[in-house]
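Reproduced below: target_37.cif, with mmCIF, C-alpha atoms and all ligand atoms; chains and numbers go by the auth columns.
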data_structure
#
loop_
_atom_site.group_PDB
_atom_site.id
_atom_site.type_symbol
_atom_site.label_atom_id
_atom_site.label_comp_id
_atom_site.label_asym_id
_atom_site.label_seq_id
_atom_site.Cartn_x
_atom_site.Cartn_y
_atom_site.Cartn_z
_atom_site.B_iso_or_equiv
_atom_site.auth_seq_id
_atom_site.auth_asym_id
ATOM 1 C CA MET A 1 -23.130 15.770 -11.360 0.00 680 M
ATOM 2 C CA LYS A 2 -22.427 12.903 -8.944 0.00 681 M
ATOM 3 C CA THR A 3 -24.406 12.576 -5.703 0.00 682 M
ATOM 4 C CA GLY A 4 -22.553 12.454 -2.374 0.00 683 M
ATOM 5 C CA GLN A 5 -22.904 8.671 -2.321 0.00 684 M
ATOM 6 C CA GLU A 6 -21.546 8.318 -5.848 0.00 685 M
ATOM 7 C CA LEU A 7 -18.586 10.536 -4.952 0.00 686 M
ATOM 8 C CA ALA A 8 -17.926 8.445 -1.868 0.00 687 M
ATOM 9 C CA ARG A 9 -18.099 5.152 -3.795 0.00 688 M
ATOM 10 C CA ALA A 10 -15.866 6.510 -6.581 0.00 689 M
ATOM 11 C CA GLN A 11 -13.324 7.632 -4.030 0.00 690 M
ATOM 12 C CA GLN A 12 -13.306 4.301 -2.199 0.00 691 M
ATOM 13 C CA ASP A 13 -12.809 2.443 -5.492 0.00 692 M
ATOM 14 C CA ARG A 14 -10.000 4.806 -6.410 0.00 693 M
ATOM 15 C CA TRP A 15 -8.136 4.351 -3.115 0.00 694 M
ATOM 16 C CA GLN A 16 -8.631 0.598 -3.151 0.00 695 M
ATOM 17 C CA ALA A 17 -7.237 0.376 -6.705 0.00 696 M
ATOM 18 C CA ALA A 18 -4.311 2.645 -5.792 0.00 697 M
ATOM 19 C CA TYR A 19 -3.338 0.475 -2.797 0.00 698 M
ATOM 20 C CA GLU A 20 -3.813 -2.744 -4.798 0.00 699 M
ATOM 21 C CA GLN A 21 -1.374 -1.382 -7.351 0.00 700 M
ATOM 22 C CA ASN A 22 1.053 -0.018 -4.776 0.00 701 M
ATOM 23 C CA PRO A 23 0.464 -1.447 -1.283 0.00 702 M
ATOM 24 C CA ARG A 24 2.937 0.993 0.276 0.00 703 M
ATOM 25 C CA LEU A 25 1.670 3.981 -1.677 0.00 704 M
ATOM 26 C CA ASN A 26 2.489 6.564 0.995 0.00 705 M
ATOM 27 C CA GLY A 27 6.006 5.290 1.684 0.00 706 M
ATOM 28 C CA ARG A 28 7.505 4.077 4.962 0.00 707 M
ATOM 29 C CA GLU A 29 8.554 7.434 6.412 0.00 708 M
ATOM 30 C CA PRO A 30 6.125 8.948 8.918 0.00 709 M
ATOM 31 C CA SER A 31 4.491 12.245 8.058 0.00 710 M
ATOM 32 C CA ALA A 32 5.663 15.501 9.646 0.00 711 M
ATOM 33 C CA ALA A 33 2.317 15.635 11.459 0.00 712 M
ATOM 34 C CA ALA A 34 2.886 12.204 13.024 0.00 713 M
ATOM 35 C CA ARG A 35 6.286 13.208 14.446 0.00 714 M
ATOM 36 C CA TRP A 36 4.825 16.356 15.980 0.00 715 M
ATOM 37 C CA THR A 37 1.766 14.506 17.263 0.00 716 M
ATOM 38 C CA ALA A 38 3.802 11.761 18.961 0.00 717 M
ATOM 39 C CA ALA A 39 5.700 14.399 20.943 0.00 718 M
ATOM 40 C CA LEU A 40 2.454 16.109 21.967 0.00 719 M
ATOM 41 C CA PHE A 41 0.638 12.898 22.947 0.00 720 M
ATOM 42 C CA GLY A 42 3.699 11.765 24.936 0.00 721 M
ATOM 43 C CA ALA A 43 3.824 15.066 26.826 0.00 722 M
ATOM 44 C CA GLU A 44 0.074 14.796 27.550 0.00 723 M
ATOM 45 C CA GLY A 45 0.407 11.275 28.982 0.00 724 M
ATOM 46 C CA ILE A 46 -1.765 9.668 26.313 0.00 725 M
ATOM 47 C CA ASP A 47 -1.454 5.864 25.835 0.00 726 M
ATOM 48 C CA ASP A 48 -3.945 4.956 23.128 0.00 727 M
ATOM 49 C CA VAL A 49 -4.593 6.470 19.727 0.00 728 M
ATOM 50 C CA LEU A 50 -7.399 5.879 17.258 0.00 729 M
ATOM 51 C CA GLU A 51 -6.082 6.683 13.778 0.00 730 M
ATOM 52 C CA LEU A 52 -8.630 7.419 11.031 0.00 731 M
ATOM 53 C CA GLY A 53 -7.771 7.071 7.328 0.00 732 M
ATOM 54 C CA ALA A 54 -4.505 5.375 8.317 0.00 733 M
ATOM 55 C CA GLY A 55 -3.783 3.889 4.878 0.00 734 M
ATOM 56 C CA HIS A 56 -1.106 1.184 5.150 0.00 735 M
ATOM 57 C CA GLY A 57 0.018 2.581 8.468 0.00 736 M
ATOM 58 C CA ARG A 58 3.228 4.573 8.052 0.00 737 M
ATOM 59 C CA ASP A 59 2.130 6.899 10.889 0.00 738 M
ATOM 60 C CA ALA A 60 0.540 4.109 12.940 0.00 739 M
ATOM 61 C CA PHE A 61 3.883 2.269 13.017 0.00 740 M
ATOM 62 C CA TYR A 62 5.738 5.417 13.953 0.00 741 M
ATOM 63 C CA LEU A 63 3.310 6.101 16.825 0.00 742 M
ATOM 64 C CA ALA A 64 3.550 2.473 17.973 0.00 743 M
ATOM 65 C CA GLY A 65 7.345 2.741 17.910 0.00 744 M
ATOM 66 C CA GLN A 66 7.014 5.743 20.231 0.00 745 M
ATOM 67 C CA GLY A 67 5.131 3.582 22.737 0.00 746 M
ATOM 68 C CA PHE A 68 1.456 4.244 21.927 0.00 747 M
ATOM 69 C CA SER A 69 -1.058 1.541 21.244 0.00 748 M
ATOM 70 C CA VAL A 70 -2.730 2.394 17.964 0.00 749 M
ATOM 71 C CA HIS A 71 -6.012 1.280 16.471 0.00 750 M
ATOM 72 C CA ALA A 72 -5.789 2.116 12.764 0.00 751 M
ATOM 73 C CA THR A 73 -8.838 2.330 10.507 0.00 752 M
ATOM 74 C CA ASP A 74 -9.315 2.964 6.813 0.00 753 M
ATOM 75 C CA PHE A 75 -11.926 2.111 4.172 0.00 754 M
ATOM 76 C CA SER A 76 -9.407 0.333 1.928 0.00 755 M
ATOM 77 C CA GLU A 77 -9.038 -3.367 2.684 0.00 756 M
ATOM 78 C CA ALA A 78 -5.896 -3.481 0.490 0.00 757 M
ATOM 79 C CA ALA A 79 -4.190 -0.831 2.640 0.00 758 M
ATOM 80 C CA LEU A 80 -5.157 -2.630 5.845 0.00 759 M
ATOM 81 C CA ASP A 81 -3.930 -6.001 4.516 0.00 760 M
ATOM 82 C CA GLN A 82 -0.516 -4.420 4.033 0.00 761 M
ATOM 83 C CA LEU A 83 -0.684 -2.815 7.461 0.00 762 M
ATOM 84 C CA ARG A 84 -1.476 -6.143 9.171 0.00 763 M
ATOM 85 C CA LEU A 85 1.306 -7.895 7.263 0.00 764 M
ATOM 86 C CA ASP A 86 3.846 -5.261 8.304 0.00 765 M
ATOM 87 C CA ALA A 87 2.611 -5.301 11.904 0.00 766 M
ATOM 88 C CA GLN A 88 3.238 -9.057 12.068 0.00 767 M
ATOM 89 C CA ARG A 89 6.615 -8.820 10.339 0.00 768 M
ATOM 90 C CA GLU A 90 7.769 -6.091 12.681 0.00 769 M
ATOM 91 C CA GLY A 91 6.392 -7.804 15.781 0.00 770 M
ATOM 92 C CA LEU A 92 4.102 -4.839 16.429 0.00 771 M
ATOM 93 C CA ASP A 93 0.771 -6.636 16.120 0.00 772 M
ATOM 94 C CA ASP A 94 0.144 -6.256 19.843 0.00 773 M
ATOM 95 C CA ARG A 95 0.548 -2.462 19.519 0.00 774 M
ATOM 96 C CA VAL A 96 -1.067 -1.810 16.117 0.00 775 M
ATOM 97 C CA THR A 97 -4.520 -3.219 15.385 0.00 776 M
ATOM 98 C CA ALA A 98 -6.566 -2.461 12.292 0.00 777 M
ATOM 99 C CA ALA A 99 -10.201 -2.415 11.232 0.00 778 M
ATOM 100 C CA LEU A 100 -12.038 -1.591 8.039 0.00 779 M
ATOM 101 C CA HIS A 101 -14.158 1.484 8.632 0.00 780 M
ATOM 102 C CA ASP A 102 -15.692 4.274 6.588 0.00 781 M
ATOM 103 C CA VAL A 103 -15.686 7.432 8.681 0.00 782 M
ATOM 104 C CA ARG A 104 -19.100 8.367 7.264 0.00 783 M
ATOM 105 C CA ASP A 105 -20.421 5.663 9.582 0.00 784 M
ATOM 106 C CA PRO A 106 -20.499 6.065 13.365 0.00 785 M
ATOM 107 C CA LEU A 107 -17.113 5.361 14.963 0.00 786 M
ATOM 108 C CA PRO A 108 -16.986 1.925 16.590 0.00 787 M
ATOM 109 C CA PRO A 109 -15.670 2.867 20.091 0.00 788 M
ATOM 110 C CA ALA A 110 -18.100 3.454 22.941 0.00 789 M
ATOM 111 C CA ASP A 111 -18.534 6.958 24.384 0.00 790 M
ATOM 112 C CA ALA A 112 -15.525 8.486 26.175 0.00 791 M
ATOM 113 C CA THR A 113 -13.201 5.493 25.799 0.00 792 M
ATOM 114 C CA VAL A 114 -10.373 6.820 23.585 0.00 793 M
ATOM 115 C CA GLY A 115 -7.359 8.882 24.699 0.00 794 M
ATOM 116 C CA ALA A 116 -6.597 10.575 21.370 0.00 795 M
ATOM 117 C CA VAL A 117 -7.680 10.563 17.748 0.00 796 M
ATOM 118 C CA TYR A 118 -5.328 11.313 14.860 0.00 797 M
ATOM 119 C CA ALA A 119 -6.009 11.731 11.117 0.00 798 M
ATOM 120 C CA ASN A 120 -3.387 12.744 8.559 0.00 799 M
ATOM 121 C CA LEU A 121 -4.833 13.996 5.258 0.00 800 M
ATOM 122 C CA LEU A 122 -8.196 12.338 5.683 0.00 801 M
ATOM 123 C CA LEU A 123 -10.608 15.216 6.250 0.00 802 M
ATOM 124 C CA ASN A 124 -9.668 16.829 2.919 0.00 803 M
ATOM 125 C CA MET A 125 -11.160 13.873 1.032 0.00 804 M
ATOM 126 C CA ALA A 126 -14.657 13.765 -0.547 0.00 805 M
ATOM 127 C CA PHE A 127 -16.743 14.728 2.488 0.00 806 M
ATOM 128 C CA SER A 128 -19.574 17.236 2.480 0.00 807 M
ATOM 129 C CA ARG A 129 -19.480 19.914 5.176 0.00 808 M
ATOM 130 C CA ALA A 130 -22.360 18.108 6.908 0.00 809 M
ATOM 131 C CA GLU A 131 -20.339 14.858 6.903 0.00 810 M
ATOM 132 C CA LEU A 132 -17.342 16.696 8.351 0.00 811 M
ATOM 133 C CA ARG A 133 -19.486 18.150 11.134 0.00 812 M
ATOM 134 C CA SER A 134 -20.936 14.770 11.973 0.00 813 M
ATOM 135 C CA LEU A 135 -17.456 13.161 11.964 0.00 814 M
ATOM 136 C CA MET A 136 -16.285 15.863 14.399 0.00 815 M
ATOM 137 C CA HIS A 137 -19.238 15.049 16.599 0.00 816 M
ATOM 138 C CA GLU A 138 -18.381 11.319 16.537 0.00 817 M
ATOM 139 C CA ILE A 139 -14.724 11.957 17.365 0.00 818 M
ATOM 140 C CA ARG A 140 -15.746 14.115 20.303 0.00 819 M
ATOM 141 C CA ARG A 141 -18.160 11.417 21.469 0.00 820 M
ATOM 142 C CA VAL A 142 -15.516 8.657 21.615 0.00 821 M
ATOM 143 C CA LEU A 143 -12.820 10.791 23.287 0.00 822 M
ATOM 144 C CA ARG A 144 -12.394 10.736 27.030 0.00 823 M
ATOM 145 C CA PRO A 145 -12.830 14.127 28.733 0.00 824 M
ATOM 146 C CA GLY A 146 -9.656 16.106 28.028 0.00 825 M
ATOM 147 C CA GLY A 147 -8.847 13.830 25.055 0.00 826 M
ATOM 148 C CA LEU A 148 -7.120 15.284 21.987 0.00 827 M
ATOM 149 C CA PHE A 149 -7.781 15.254 18.273 0.00 828 M
ATOM 150 C CA VAL A 150 -4.966 16.159 15.869 0.00 829 M
ATOM 151 C CA TYR A 151 -5.598 16.327 12.141 0.00 830 M
ATOM 152 C CA SER A 152 -3.857 17.683 9.096 0.00 831 M
ATOM 153 C CA VAL A 153 -5.435 18.853 5.854 0.00 832 M
ATOM 154 C CA TRP A 154 -4.539 20.653 2.634 0.00 833 M
ATOM 155 C CA SER A 155 -4.711 24.428 2.868 0.00 834 M
ATOM 156 C CA THR A 156 -6.402 26.850 0.465 0.00 835 M
ATOM 157 C CA GLU A 157 -2.874 28.361 0.238 0.00 836 M
ATOM 158 C CA ASP A 158 -1.725 25.229 -1.600 0.00 837 M
ATOM 159 C CA PRO A 159 -0.954 25.964 -5.278 0.00 838 M
ATOM 160 C CA CYS A 160 -3.187 23.012 -6.291 0.00 839 M
ATOM 161 C CA HIS A 161 -6.184 24.813 -4.813 0.00 840 M
ATOM 162 C CA ASP A 162 -6.250 27.155 -7.797 0.00 841 M
ATOM 163 C CA ASN A 163 -6.999 24.550 -10.434 0.00 842 M
ATOM 164 C CA GLY A 164 -9.774 22.003 -10.400 0.00 843 M
ATOM 165 C CA ASP A 165 -13.493 22.106 -11.084 0.00 844 M
ATOM 166 C CA GLU A 166 -15.996 23.107 -8.396 0.00 845 M
ATOM 167 C CA LEU A 167 -18.261 20.208 -7.422 0.00 846 M
ATOM 168 C CA GLY A 168 -20.378 22.288 -5.032 0.00 847 M
ATOM 169 C CA ASP A 169 -20.268 22.541 -1.214 0.00 848 M
ATOM 170 C CA GLY A 170 -16.590 23.579 -1.459 0.00 849 M
ATOM 171 C CA LEU A 171 -15.404 20.296 -2.984 0.00 850 M
ATOM 172 C CA LEU A 172 -13.064 20.375 -5.959 0.00 851 M
ATOM 173 C CA ASP A 173 -12.580 17.817 -8.681 0.00 852 M
ATOM 174 C CA LYS A 174 -8.887 17.099 -9.372 0.00 853 M
ATOM 175 C CA GLN A 175 -8.703 14.772 -12.343 0.00 854 M
ATOM 176 C CA GLY A 176 -11.696 12.759 -11.229 0.00 855 M
ATOM 177 C CA PHE A 177 -10.721 12.858 -7.561 0.00 856 M
ATOM 178 C CA ALA A 178 -12.917 14.890 -5.215 0.00 857 M
ATOM 179 C CA CYS A 179 -11.172 16.792 -2.440 0.00 858 M
ATOM 180 C CA ARG A 180 -11.360 19.889 -0.264 0.00 859 M
ATOM 181 C CA PHE A 181 -8.901 22.602 0.723 0.00 860 M
ATOM 182 C CA PHE A 182 -9.340 24.094 4.199 0.00 861 M
ATOM 183 C CA ASP A 183 -9.313 27.728 5.270 0.00 862 M
ATOM 184 C CA ARG A 184 -9.371 29.133 8.809 0.00 863 M
ATOM 185 C CA GLU A 185 -13.106 29.718 8.658 0.00 864 M
ATOM 186 C CA LEU A 186 -13.850 26.039 8.082 0.00 865 M
ATOM 187 C CA ILE A 187 -11.364 24.961 10.769 0.00 866 M
ATOM 188 C CA HIS A 188 -13.101 27.219 13.289 0.00 867 M
ATOM 189 C CA GLU A 189 -16.546 26.083 12.197 0.00 868 M
ATOM 190 C CA LEU A 190 -15.588 22.431 12.710 0.00 869 M
ATOM 191 C CA ALA A 191 -14.153 23.204 16.142 0.00 870 M
ATOM 192 C CA ASP A 192 -17.572 24.202 17.483 0.00 871 M
ATOM 193 C CA ARG A 193 -17.928 22.747 21.041 0.00 872 M
ATOM 194 C CA TRP A 194 -14.176 21.924 21.094 0.00 873 M
ATOM 195 C CA GLU A 195 -11.286 23.730 22.713 0.00 874 M
ATOM 196 C CA LEU A 196 -9.259 24.764 19.659 0.00 875 M
ATOM 197 C CA ARG A 197 -5.658 24.603 20.898 0.00 876 M
ATOM 198 C CA ASP A 198 -3.529 25.148 17.810 0.00 877 M
ATOM 199 C CA VAL A 199 -3.980 25.926 14.114 0.00 878 M
ATOM 200 C CA ALA A 200 -0.544 25.647 12.512 0.00 879 M
ATOM 201 C CA PRO A 201 0.244 26.205 8.837 0.00 880 M
ATOM 202 C CA TYR A 202 3.157 24.092 7.588 0.00 881 M
ATOM 203 C CA ARG A 203 4.749 22.762 4.417 0.00 882 M
ATOM 204 C CA GLU A 204 5.598 19.228 3.410 0.00 883 M
ATOM 205 C CA GLY A 205 7.389 19.078 0.052 0.00 884 M
ATOM 206 C CA GLN A 206 5.303 21.151 -2.372 0.00 885 M
ATOM 207 C CA ARG A 207 2.186 20.894 -0.222 0.00 886 M
ATOM 208 C CA ARG A 208 0.855 23.626 2.044 0.00 887 M
ATOM 209 C CA LEU A 209 -1.118 22.256 4.945 0.00 888 M
ATOM 210 C CA TRP A 210 -2.741 22.942 8.284 0.00 889 M
ATOM 211 C CA ARG A 211 -2.177 20.947 11.427 0.00 890 M
ATOM 212 C CA ILE A 212 -5.013 21.380 13.893 0.00 891 M
ATOM 213 C CA THR A 213 -5.068 20.357 17.534 0.00 892 M
ATOM 214 C CA GLN A 214 -8.293 20.427 19.480 0.00 893 M
ATOM 215 C CA ALA A 215 -9.377 19.061 22.846 0.00 894 M
ATOM 216 C CA LYS A 216 -12.613 17.734 24.227 0.00 895 M
ATOM 217 C CA GLY A 217 -13.418 19.811 27.251 0.00 896 M
ATOM 218 C CA GLY A 218 -13.309 18.350 30.735 0.00 897 M
ATOM 219 C CA THR A 219 -10.623 16.709 32.800 0.00 898 M
ATOM 220 C CA ALA A 220 -9.044 13.375 31.903 0.00 899 M
ATOM 221 C CA ALA A 221 -9.915 10.776 34.561 0.00 900 M
HETATM 222 C C1 LIG B . -4.037 10.891 1.643 0.00 1 P
HETATM 223 S S1 LIG B . -4.304 9.260 2.239 0.00 1 P
HETATM 224 C C2 LIG B . -3.479 9.374 3.810 0.00 1 P
HETATM 225 C C3 LIG B . -3.160 8.023 4.410 0.00 1 P
HETATM 226 C C4 LIG B . -2.406 8.089 5.729 0.00 1 P
HETATM 227 N N1 LIG B . -3.115 8.901 6.709 0.00 1 P
HETATM 228 C C5 LIG B . -1.006 8.616 5.516 0.00 1 P
HETATM 229 O O1 LIG B . -0.748 9.788 5.824 0.00 1 P
HETATM 230 O O2 LIG B . -0.186 7.837 5.022 0.00 1 P
HETATM 231 C C6 LIG B . -6.042 9.296 2.702 0.00 1 P
HETATM 232 C C7 LIG B . -6.556 8.005 3.283 0.00 1 P
HETATM 233 O O3 LIG B . -7.892 8.183 3.697 0.00 1 P
HETATM 234 C C8 LIG B . -8.608 7.013 3.380 0.00 1 P
HETATM 235 N N2 LIG B . -10.028 7.414 3.289 0.00 1 P
HETATM 236 C C9 LIG B . -10.586 8.289 2.401 0.00 1 P
HETATM 237 N N3 LIG B . -11.892 8.401 2.649 0.00 1 P
HETATM 238 C C10 LIG B . -12.181 7.590 3.706 0.00 1 P
HETATM 239 C C11 LIG B . -13.373 7.269 4.412 0.00 1 P
HETATM 240 N N4 LIG B . -14.553 7.785 4.066 0.00 1 P
HETATM 241 N N5 LIG B . -13.294 6.420 5.479 0.00 1 P
HETATM 242 C C12 LIG B . -12.103 5.873 5.827 0.00 1 P
HETATM 243 N N6 LIG B . -10.938 6.115 5.172 0.00 1 P
HETATM 244 C C13 LIG B . -10.979 6.963 4.121 0.00 1 P
HETATM 245 C C14 LIG B . -8.001 6.515 2.076 0.00 1 P
HETATM 246 O O4 LIG B . -8.235 5.141 1.847 0.00 1 P
HETATM 247 C C15 LIG B . -6.520 6.833 2.316 0.00 1 P
HETATM 248 O O5 LIG B . -5.859 5.754 2.922 0.00 1 P
#

Now, as a test, write the supplied structure out as C-alpha cells.
Ligand SMILES: C[S@@+](CC[C@H](N)C(=O)[O-])C[C@H]1O[C@@H](n2cnc3c(N)ncnc32)[C@H](O)[C@@H]1O
Amino acid sequence: MKTGQELARAQQDRWQAAYEQNPRLNGREPSAAARWTAALFGAEGIDDVLELGAGHGRDAFYLAGQGFSVHATDFSEAALDQLRLDAQREGLDDRVTAALHDVRDPLPPADATVGAVYANLLLNMAFSRAELRSLMHEIRRVLRPGGLFVYSVWSTEDPCHDNGDELGDGLLDKQGFACRFFDRELIHELADRWELRDVAPYREGQRRLWRITQAKGGTAA
C-alpha cells in the first residue's frame, strides 16, 4: 500500500502528464460552480479571489471576466503554463495571476488578506482527512473576517462511488487514481469553526456533486 506521500507524488505526476498531453484538459467552459460562485461573490461585494487547484484556469478566466481579480494556484506547472499563455492572449494578465502551489503546504498569503477562496473539484483528490482539516485551517487563516470559501466535490451519491478499491482513511482507488467522495458528515466535520452557509447537492453531466459555501466569522473591514 502506498504512503500518503507516495499517493501525493503519484497524483501530481498523473495530473502533470495529463495536462502535458492535453493543456486544456477541462475545456474552456466554466463549471456550474463557478457561475454560481461569481453571482454570490458579486452580491457580497468581494473583489479578490484565491483559486486553489485551478488547473488551466477555465473558472479563473470566467471569474476575471465577471470583474474579480483572481490568483490561481495549482501543483501542475503544465496547467499553469497554459493558464499564463491564455491570460496574455486574452489581455487578462492584470486580472489573473498564477503560482505553482501544492495545497498540502501552507498557503502563501498572509493572515486575513484574502476576500474569498474558491476550489472546484480539488478537495476530492488524494488528501487524507488530516490534510483536509489542515487545508481548511489554512484557508480560514488567509481569509479576511467575513470572507467566503466556496468549494465543490464529488458526492457519495455519485454512481462512481460504488466501484473502486478502498485505500484506507476513506480514499478510493479509481484505476490508479486516488480520490474521495464526500458525505454530509465529512462536510460538517470540515466546517468546524466556520459558519456553514449552504450545502447544495447538484448534478453536472453524469456527476453528482456538492457545492459548499462557508464563511469565516467576523465582520469584513
Ligand atoms: C479535477 S481538476 C479541477 C481543475 C479546475 N478546478 C477545473 O475545475 O477546471 C483538479 C485539479 O487539482 C489539482 N490538484 C490536485 N491535487 C493538488 C494539490 N495537492 N495541490 C494543488 N493542486 C492540486 C490538479 O492538478 C488539477 O488541476

For this session: Do a neighbour search on M:Glu756 at 10 Å with only C-alpha atoms, toss out local chain neighbours closer than 6 positions, and write the hits as an MDAnalysis selection string.
Result: chainID M and resid 694:695 698:699 734:735 762 777:780

Exercise. Once the PyMOL selection byres (((chain M and resi 823) around 9) and not hetatm) has been applied to the shown file, what residues remain in the selection, as a PyMOL selection string?
Worked result: chain M and resi 790-795+819-822+824-827+895+897-900

Could you give me, as CSV, every chain M residue with an atom at most 7 Å from ligand LIG 1 (chain P), plus its closest atom pair and distance in Å to one decimal, counting all atoms listed in the file, rows ordered by chain then number?
residue,atom,partner,partner_atom,distance
M:Ala687,CA,P:LIG1,N4,6.9
M:Gln690,CA,P:LIG1,N3,6.9
M:Gln691,CA,P:LIG1,N3,6.5
M:Trp694,CA,P:LIG1,O4,5.0
M:Gln695,CA,P:LIG1,O4,6.8
M:Asn705,CA,P:LIG1,O2,5.0
M:Ser710,CA,P:LIG1,O1,6.2
M:Leu731,CA,P:LIG1,N6,6.4
M:Gly732,CA,P:LIG1,O3,3.8
M:Ala733,CA,P:LIG1,N1,4.1
M:Gly734,CA,P:LIG1,O5,3.4
M:His735,CA,P:LIG1,O2,6.7
M:Gly736,CA,P:LIG1,O2,6.3
M:Arg737,CA,P:LIG1,O2,5.6
M:Asp738,CA,P:LIG1,O2,6.4
M:Thr752,CA,P:LIG1,C12,6.7
M:Asp753,CA,P:LIG1,N6,3.9
M:Phe754,CA,P:LIG1,C12,4.1
M:Ser755,CA,P:LIG1,O4,4.9
M:Ala758,CA,P:LIG1,O5,6.8
M:His780,CA,P:LIG1,C12,5.6
M:Asp781,CA,P:LIG1,N5,3.4
M:Val782,CA,P:LIG1,N5,4.1
M:Arg783,CA,P:LIG1,N4,5.6
M:Ala798,CA,P:LIG1,N1,6.0
M:Asn799,CA,P:LIG1,N1,4.3
M:Leu800,CA,P:LIG1,C1,4.8
M:Leu801,CA,P:LIG1,O3,4.6
M:Met804,CA,P:LIG1,N3,5.8
M:Ala805,CA,P:LIG1,N3,6.8

Can you tell me, as an mmCIF file with C-alpha atoms, in the frame of the given file, what residues are no more than 12 Å from M:Trp715 when counting only C-alpha atoms, ignoring any on the same chain fewer than 2 positions away?
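Written output follows (selection17.cif):
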data_model
loop_
_atom_site.group_PDB
_atom_site.id
_atom_site.type_symbol
_atom_site.label_atom_id
_atom_site.label_comp_id
_atom_site.auth_asym_id
_atom_site.auth_seq_id
_atom_site.Cartn_x
_atom_site.Cartn_y
_atom_site.Cartn_z
ATOM 1 C CA PRO M 709 6.125 8.948 8.918
ATOM 2 C CA SER M 710 4.491 12.245 8.058
ATOM 3 C CA ALA M 711 5.663 15.501 9.646
ATOM 4 C CA ALA M 712 2.317 15.635 11.459
ATOM 5 C CA ALA M 713 2.886 12.204 13.024
ATOM 6 C CA ALA M 717 3.802 11.761 18.961
ATOM 7 C CA ALA M 718 5.700 14.399 20.943
ATOM 8 C CA LEU M 719 2.454 16.109 21.967
ATOM 9 C CA PHE M 720 0.638 12.898 22.947
ATOM 10 C CA GLY M 721 3.699 11.765 24.936
ATOM 11 C CA ALA M 722 3.824 15.066 26.826
ATOM 12 C CA ASP M 738 2.130 6.899 10.889
ATOM 13 C CA TYR M 741 5.738 5.417 13.953
ATOM 14 C CA LEU M 742 3.310 6.101 16.825
ATOM 15 C CA GLN M 745 7.014 5.743 20.231
ATOM 16 C CA TYR M 797 -5.328 11.313 14.860
ATOM 17 C CA ASN M 799 -3.387 12.744 8.559
ATOM 18 C CA VAL M 829 -4.966 16.159 15.869
ATOM 19 C CA TYR M 830 -5.598 16.327 12.141
ATOM 20 C CA SER M 831 -3.857 17.683 9.096
ATOM 21 C CA ALA M 879 -0.544 25.647 12.512
ATOM 22 C CA TYR M 881 3.157 24.092 7.588
ATOM 23 C CA ARG M 890 -2.177 20.947 11.427
ATOM 24 C CA ILE M 891 -5.013 21.380 13.893
ATOM 25 C CA THR M 892 -5.068 20.357 17.534
#

Exercise. For M:Asn803, which of M:Asp765, M:Asp760, M:Asp862, M:Asp772 is the closest residue, counting all atoms listed in the file?
Worked result: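 Among the listed residues, M:Asp862 lies closest to M:Asn803.
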
Exercise. What is the distance between atom CA of M:Leu846 and atom CA of M:Gln684, in Å to one decimal?
Worked result: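 That distance, rounded to one decimal, is 13.4 Å.
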
Can you tell me, as JSON, the centre and edge lengths (Å, one decimal) of the axis-aligned box enclosing all of stretch 840-859 of chain M's listed atoms after padding each side by 8 Å?
{"center_x": -13.3, "center_y": 20.0, "center_z": -6.3, "size_x": 30.2, "size_y": 30.4, "size_z": 28.1}

Problem set entry | Point-to-point distance from atom CA of M:Ile866 to atom CA of M:Glu730, Å rounded to tenths |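 Separation of atom CA of M:Ile866 and atom CA of M:Glu730: 19.3 Å.
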
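Atom pair atom CA of M:His867 / atom CA of M:Gly843 has a distance of 24.5 Å (rounded to one decimal).
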